[in-house]
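Q: Pasting a structure here, questions to come.
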Amino acid sequence: MIIIKDPSIKLTDSDLLEKLGIVNFSFSGDTTLEECMYPTDKSFNIGEFNNCKIICDDYQLTTLLEVSPKPENLSDYEKSLSDIFSNSEILTVACHSAVNYHLYSLVKNGQKIRYKKVVHGETLVEFGGRIEQEEKIYASSKIIDGQRMFKSSFNDEDIYDNTEDQMMEDFTFGVAARHLGVTISTSDDEELMFETQFRKYL
C-alpha cells in the first residue's frame, strides 16, 4: 500500500498510473480497502481517505523496495511520485504473514527519511531514525539475552515473548496510521475499510 499525504496535485487515476509506468490497464469496478488490500489479482486500486491518496498495488511496486541494495535510495516509483507530489510525504507499507514480513519506506521532499524491512530469520535492514509511530511500539520492548523482545499488544502483563517480526501488524498498521489517521484492524477502521470507495484497475 502506498499512501500520499495531502496530494496537492489533482490527477486522474489514468494519468497517475501512466506516470508510474503502468500501461494496458482498464477500469474493472468499485471495491473497498478490505477487498483490495491483498487482492492477489495483479490489480491497482486507488482511493482517497483523510486527505490521502491510497494505492493498493498487490506488491507490484512495493516489491522494488525489497530488492534495493541501498535502502536509502528511492525506488523508481518513489521518484515518480516525489516528482508529481513534491510537497507530500509518501509512505509505503507492506506485510506478509507467511514469513512474518513487514516493510515500510517514508519519503519527504524527494528524500528517503526512513526505511525498515523485517523478515523472520533474516537480518533487520533499516535506514534513518525511527519515526514517532514506531517509537510507541518500541517502547514496549527490551533487550533480553541480546535480542529485542516485545510485549504482545494483547498482554497487559510484563511478559516479553514476541520477536520483532512477530509484531508485523503492530508496525505496519501503526506506521500507516501516520497518514491514515486510524489504525487498520482496530475498532476505528470501519469507515476506511468498508465504506470508502476504491477504484480497481486491471
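Ordering of the C-alpha cells sets the chain letters (A, B, ...); residue numbers start at 1 within each chain; ligands are numbered from 1 in the order shown.
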Would you pick out the contacts of region 109-111 of chain A at 12 Å or less, using only C-alpha atoms, so that residues sharing its chain but fewer than 2 positions from it are not included, and give the list as a list in words?
A: Pro71, Glu72, Asn73, Leu74, Ser75, Asp76, Tyr77, Glu78, Lys79, Ser80, Leu81, Ser82, Asp83, Ile84, Phe85, Ser86, Asn87, Ser88, Glu89, Ile90, Leu91, Ser105, Leu106, Val107, Ile113, Arg114, Tyr115, Phe127 and Gly128 of chain A
Q: Enumerate, as a PDB file with N, CA and C atoms, in the first residue's frame, the complete set of residues in region 1-166 of chain A that a backbone-based DSSP assignment places in alpha helix (DSSP H).
A:
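Written out: out-v1.pdb:
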ATOM      1  N   ASP A  13      -6.979   8.958 -12.240  1.00  0.00           N
ATOM      2  CA  ASP A  13      -6.349   7.666 -11.982  1.00  0.00           C
ATOM      3  C   ASP A  13      -5.510   7.237 -13.181  1.00  0.00           C
ATOM      4  N   SER A  14      -6.042   7.442 -14.368  1.00  0.00           N
ATOM      5  CA  SER A  14      -5.327   7.026 -15.578  1.00  0.00           C
ATOM      6  C   SER A  14      -3.999   7.758 -15.708  1.00  0.00           C
ATOM      7  N   ASP A  15      -4.009   9.068 -15.469  1.00  0.00           N
ATOM      8  CA  ASP A  15      -2.765   9.844 -15.560  1.00  0.00           C
ATOM      9  C   ASP A  15      -1.759   9.389 -14.509  1.00  0.00           C
ATOM     10  N   LEU A  16      -2.248   9.108 -13.320  1.00  0.00           N
ATOM     11  CA  LEU A  16      -1.353   8.664 -12.252  1.00  0.00           C
ATOM     12  C   LEU A  16      -0.718   7.326 -12.594  1.00  0.00           C
ATOM     13  N   LEU A  17      -1.508   6.381 -13.043  1.00  0.00           N
ATOM     14  CA  LEU A  17      -0.973   5.066 -13.389  1.00  0.00           C
ATOM     15  C   LEU A  17       0.029   5.170 -14.540  1.00  0.00           C
ATOM     16  N   GLU A  18      -0.279   5.992 -15.528  1.00  0.00           N
ATOM     17  CA  GLU A  18       0.644   6.150 -16.655  1.00  0.00           C
ATOM     18  C   GLU A  18       1.960   6.766 -16.210  1.00  0.00           C
ATOM     19  N   LYS A  19       1.913   7.725 -15.290  1.00  0.00           N
ATOM     20  CA  LYS A  19       3.146   8.344 -14.795  1.00  0.00           C
ATOM     21  C   LYS A  19       3.983   7.367 -13.970  1.00  0.00           C
ATOM     22  N   LEU A  33     -11.320  -1.142   0.589  1.00  0.00           N
ATOM     23  CA  LEU A  33      -9.961  -1.460   1.035  1.00  0.00           C
ATOM     24  C   LEU A  33      -9.898  -2.872   1.612  1.00  0.00           C
ATOM     25  N   GLU A  34     -10.947  -3.291   2.264  1.00  0.00           N
ATOM     26  CA  GLU A  34     -10.962  -4.640   2.817  1.00  0.00           C
ATOM     27  C   GLU A  34     -10.774  -5.682   1.720  1.00  0.00           C
ATOM     28  N   GLU A  35     -11.308  -5.399   0.524  1.00  0.00           N
ATOM     29  CA  GLU A  35     -11.207  -6.340  -0.589  1.00  0.00           C
ATOM     30  C   GLU A  35      -9.931  -6.170  -1.401  1.00  0.00           C
ATOM     31  N   CYS A  36      -9.377  -4.971  -1.421  1.00  0.00           N
ATOM     32  CA  CYS A  36      -8.249  -4.727  -2.327  1.00  0.00           C
ATOM     33  C   CYS A  36      -6.900  -4.576  -1.627  1.00  0.00           C
ATOM     34  N   THR A  63       7.384  -4.328  -4.123  1.00  0.00           N
ATOM     35  CA  THR A  63       8.443  -5.344  -4.192  1.00  0.00           C
ATOM     36  C   THR A  63       9.786  -4.727  -4.567  1.00  0.00           C
ATOM     37  N   LEU A  64       9.762  -3.618  -5.309  1.00  0.00           N
ATOM     38  CA  LEU A  64      11.010  -2.955  -5.696  1.00  0.00           C
ATOM     39  C   LEU A  64      11.814  -2.520  -4.473  1.00  0.00           C
ATOM     40  N   LEU A  65      11.133  -2.226  -3.385  1.00  0.00           N
ATOM     41  CA  LEU A  65      11.825  -1.800  -2.164  1.00  0.00           C
ATOM     42  C   LEU A  65      12.535  -2.960  -1.483  1.00  0.00           C
ATOM     43  N   GLU A  66      12.030  -4.160  -1.671  1.00  0.00           N
ATOM     44  CA  GLU A  66      12.636  -5.328  -1.033  1.00  0.00           C
ATOM     45  C   GLU A  66      14.011  -5.649  -1.601  1.00  0.00           C
ATOM     46  N   ASP A  76      12.097   3.566  -8.280  1.00  0.00           N
ATOM     47  CA  ASP A  76      11.610   4.340  -9.432  1.00  0.00           C
ATOM     48  C   ASP A  76      10.231   4.932  -9.165  1.00  0.00           C
ATOM     49  N   TYR A  77       9.343   4.155  -8.537  1.00  0.00           N
ATOM     50  CA  TYR A  77       8.003   4.698  -8.304  1.00  0.00           C
ATOM     51  C   TYR A  77       8.021   5.795  -7.244  1.00  0.00           C
ATOM     52  N   GLU A  78       8.923   5.703  -6.268  1.00  0.00           N
ATOM     53  CA  GLU A  78       9.042   6.770  -5.275  1.00  0.00           C
ATOM     54  C   GLU A  78       9.564   8.056  -5.920  1.00  0.00           C
ATOM     55  N   LYS A  79      10.491   7.902  -6.870  1.00  0.00           N
ATOM     56  CA  LYS A  79      10.979   9.070  -7.599  1.00  0.00           C
ATOM     57  C   LYS A  79       9.855   9.725  -8.386  1.00  0.00           C
ATOM     58  N   SER A  80       9.070   8.914  -9.086  1.00  0.00           N
ATOM     59  CA  SER A  80       7.964   9.447  -9.883  1.00  0.00           C
ATOM     60  C   SER A  80       6.945  10.164  -9.003  1.00  0.00           C
ATOM     61  N   LEU A  81       6.571   9.543  -7.897  1.00  0.00           N
ATOM     62  CA  LEU A  81       5.591  10.160  -7.006  1.00  0.00           C
ATOM     63  C   LEU A  81       6.143  11.425  -6.360  1.00  0.00           C
ATOM     64  N   SER A  82       7.438  11.431  -6.062  1.00  0.00           N
ATOM     65  CA  SER A  82       8.054  12.625  -5.480  1.00  0.00           C
ATOM     66  C   SER A  82       8.078  13.771  -6.476  1.00  0.00           C
ATOM     67  N   ASP A  83       8.259  13.450  -7.747  1.00  0.00           N
ATOM     68  CA  ASP A  83       8.221  14.480  -8.787  1.00  0.00           C
ATOM     69  C   ASP A  83       6.812  15.056  -8.929  1.00  0.00           C
ATOM     70  N   ILE A  84       5.817  14.202  -8.846  1.00  0.00           N
ATOM     71  CA  ILE A  84       4.434  14.648  -9.011  1.00  0.00           C
ATOM     72  C   ILE A  84       3.939  15.394  -7.779  1.00  0.00           C
ATOM     73  N   GLU A 132       7.815   8.724  14.961  1.00  0.00           N
ATOM     74  CA  GLU A 132       7.002   8.739  16.182  1.00  0.00           C
ATOM     75  C   GLU A 132       6.151   7.490  16.343  1.00  0.00           C
ATOM     76  N   GLN A 133       5.551   7.044  15.255  1.00  0.00           N
ATOM     77  CA  GLN A 133       4.646   5.891  15.332  1.00  0.00           C
ATOM     78  C   GLN A 133       5.384   4.607  15.693  1.00  0.00           C
ATOM     79  N   GLU A 134       6.637   4.495  15.300  1.00  0.00           N
ATOM     80  CA  GLU A 134       7.443   3.333  15.685  1.00  0.00           C
ATOM     81  C   GLU A 134       7.825   3.389  17.152  1.00  0.00           C
ATOM     82  N   GLU A 135       8.200   4.575  17.599  1.00  0.00           N
ATOM     83  CA  GLU A 135       8.685   4.715  18.974  1.00  0.00           C
ATOM     84  C   GLU A 135       7.666   4.213  19.985  1.00  0.00           C
ATOM     85  N   LYS A 136       6.379   4.417  19.676  1.00  0.00           N
ATOM     86  CA  LYS A 136       5.334   3.935  20.585  1.00  0.00           C
ATOM     87  C   LYS A 136       5.381   2.416  20.717  1.00  0.00           C
ATOM     88  N   ILE A 137       5.736   1.734  19.629  1.00  0.00           N
ATOM     89  CA  ILE A 137       5.793   0.272  19.651  1.00  0.00           C
ATOM     90  C   ILE A 137       7.092  -0.193  20.299  1.00  0.00           C
ATOM     91  N   TYR A 138       8.196   0.470  19.955  1.00  0.00           N
ATOM     92  CA  TYR A 138       9.474   0.100  20.561  1.00  0.00           C
ATOM     93  C   TYR A 138       9.479   0.330  22.072  1.00  0.00           C
TER      94      TYR A 138
END
Q: Produce a table with one row for each residue of region 73-147 of chain A that has an atom at most 7 Å from any atom of region 168-178 of chain A, each row naming the nearest atom pair and its distance in Å at one decimal; use only C-alpha atoms; arrange rows by chain and rising residue number; format as CSV.
A:
residue,atom,partner,partner_atom,distance
A:Val93,CA,A:Thr172,CA,6.0
A:Ala94,CA,A:Thr172,CA,6.7
A:Cys95,CA,A:Thr172,CA,6.7
A:Asn100,CA,A:Met168,CA,6.2
A:Tyr101,CA,A:Met168,CA,6.6
A:His102,CA,A:Met168,CA,5.6
A:Gln133,CA,A:Val175,CA,5.4
A:Glu134,CA,A:Val175,CA,6.5
Q: Tell me which of A:Ser26, A:Thr163, A:Ser8, A:Asn50 sits closest to Thr196 (chain A), counting only C-alpha atoms.
A: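 So, comparing all the options, the nearest one is A:Asn50.
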Q: My list of candidates is A:Gln147, A:Thr40, A:Asn45, A:Ser185. Which is closest to Arg199 (chain A) when distances are computed with only C-alpha atoms?
A: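 Of A:Gln147, A:Thr40, A:Asn45, A:Ser185, the one nearest Arg199 (chain A), counting only C-alpha atoms, is A:Asn45.
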Q: Could you give me, as a JSON list (two decimals) with C-alpha atoms, in the first residue's frame, the residues within 6 Å of Lys116 (chain A), counting only C-alpha atoms and dropping anything in the same chain fewer than 6 positions from it?
A:
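The resulting out.json:
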[["chain", "number", "residue", "atom", "x", "y", "z"],
["A", 103, "LEU", "CA", 8.38, -3.23, 5.34],
["A", 104, "TYR", "CA", 7.86, 0.49, 5.29],
["A", 125, "VAL", "CA", 17.52, -3.81, 7.36],
["A", 126, "GLU", "CA", 16.86, -0.18, 8.16]]
Q: If we count only C-alpha atoms, what is near Cys52 (chain A) at a cut-off of 8 Å, once residues fewer than 3 positions away on the same chain are taken out, given as a list of chain:residue names?
A: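 Result of the neighbour search: A:Ile3, A:Ile4, A:Lys5, A:Asp6, A:Pro7, A:Glu48, A:Phe49, A:His179, A:Leu180.
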Q: Write a file of the just-selected residues containing N, CA and C atoms, as an mmCIF file, in the first residue's frame.
A:
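Output (again25.cif):
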data_model
loop_
_atom_site.group_PDB
_atom_site.id
_atom_site.type_symbol
_atom_site.label_atom_id
_atom_site.label_comp_id
_atom_site.auth_asym_id
_atom_site.auth_seq_id
_atom_site.Cartn_x
_atom_site.Cartn_y
_atom_site.Cartn_z
ATOM 1 N N ILE A 3 0.732 5.390 0.360
ATOM 2 C CA ILE A 3 -0.127 6.459 0.867
ATOM 3 C C ILE A 3 0.558 7.797 0.606
ATOM 4 N N ILE A 4 -0.140 8.691 -0.077
ATOM 5 C CA ILE A 4 0.388 10.011 -0.400
ATOM 6 C C ILE A 4 -0.394 11.021 0.433
ATOM 7 N N LYS A 5 0.259 11.682 1.360
ATOM 8 C CA LYS A 5 -0.402 12.613 2.266
ATOM 9 C C LYS A 5 -0.543 13.989 1.624
ATOM 10 N N ASP A 6 -1.734 14.567 1.733
ATOM 11 C CA ASP A 6 -2.012 15.913 1.214
ATOM 12 C C ASP A 6 -1.555 16.072 -0.237
ATOM 13 N N PRO A 7 -2.082 15.267 -1.144
ATOM 14 C CA PRO A 7 -1.654 15.390 -2.545
ATOM 15 C C PRO A 7 -2.191 16.687 -3.161
ATOM 16 N N GLU A 48 -9.293 7.474 -1.814
ATOM 17 C CA GLU A 48 -8.906 8.640 -1.013
ATOM 18 C C GLU A 48 -9.512 8.520 0.379
ATOM 19 N N PHE A 49 -8.725 8.904 1.377
ATOM 20 C CA PHE A 49 -9.203 8.885 2.763
ATOM 21 C C PHE A 49 -8.328 9.819 3.580
ATOM 22 N N HIS A 179 -0.494 8.604 8.379
ATOM 23 C CA HIS A 179 -1.212 9.333 7.341
ATOM 24 C C HIS A 179 -2.712 9.064 7.365
ATOM 25 N N LEU A 180 -3.088 7.832 7.639
ATOM 26 C CA LEU A 180 -4.497 7.469 7.568
ATOM 27 C C LEU A 180 -5.320 8.057 8.702
#
Q: Hey, what does DSSP flag as strand (DSSP E or B) within region 19-160 of chain A? Can you give it to me as JSON, numbers by chain?
A: {"A": [27, 28, 29, 30, 31, 44, 45, 46, 47, 48, 49, 52, 53, 54, 55, 56, 89, 90, 91, 92, 93, 94, 95, 96, 101, 102, 103, 104, 105, 106, 107, 108, 111, 112, 113, 114, 115, 116, 117, 118, 125, 126, 127, 141, 142, 143, 144, 147, 148, 149, 150, 151, 160]}
Q: Between A:Lys200, A:His96, A:Lys42, A:Lys53, single out the one closest to Ile2 (chain A), counting only C-alpha atoms.
A: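 Counting only C-alpha atoms, the residue closest to Ile2 (chain A) is A:Lys53.
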Q: Between A:Ile159, A:Met193, A:Leu61, A:Ile143, which residue has the minimum interatomic distance to Gly21 (chain A), considering only C-alpha atoms?
A: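 Comparing A:Ile159, A:Met193, A:Leu61, A:Ile143 against Gly21 (chain A), the winner is A:Leu61.
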Q: So which one's closest to Ile54 (chain A), A:Ser68, A:Thr92, A:Thr12, A:Ser28? Using only C-alpha atoms, please.
A: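 Closest candidate: A:Thr92.
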Q: Check the smallest atom-to-atom distance from each of A:Gly181, A:Lys142, A:Met1, A:Arg130 to Gly47 (chain A) using only C-alpha atoms, then report the winner.
A: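 Residue with the minimum atom-to-atom distance to Gly47 (chain A): A:Met1.
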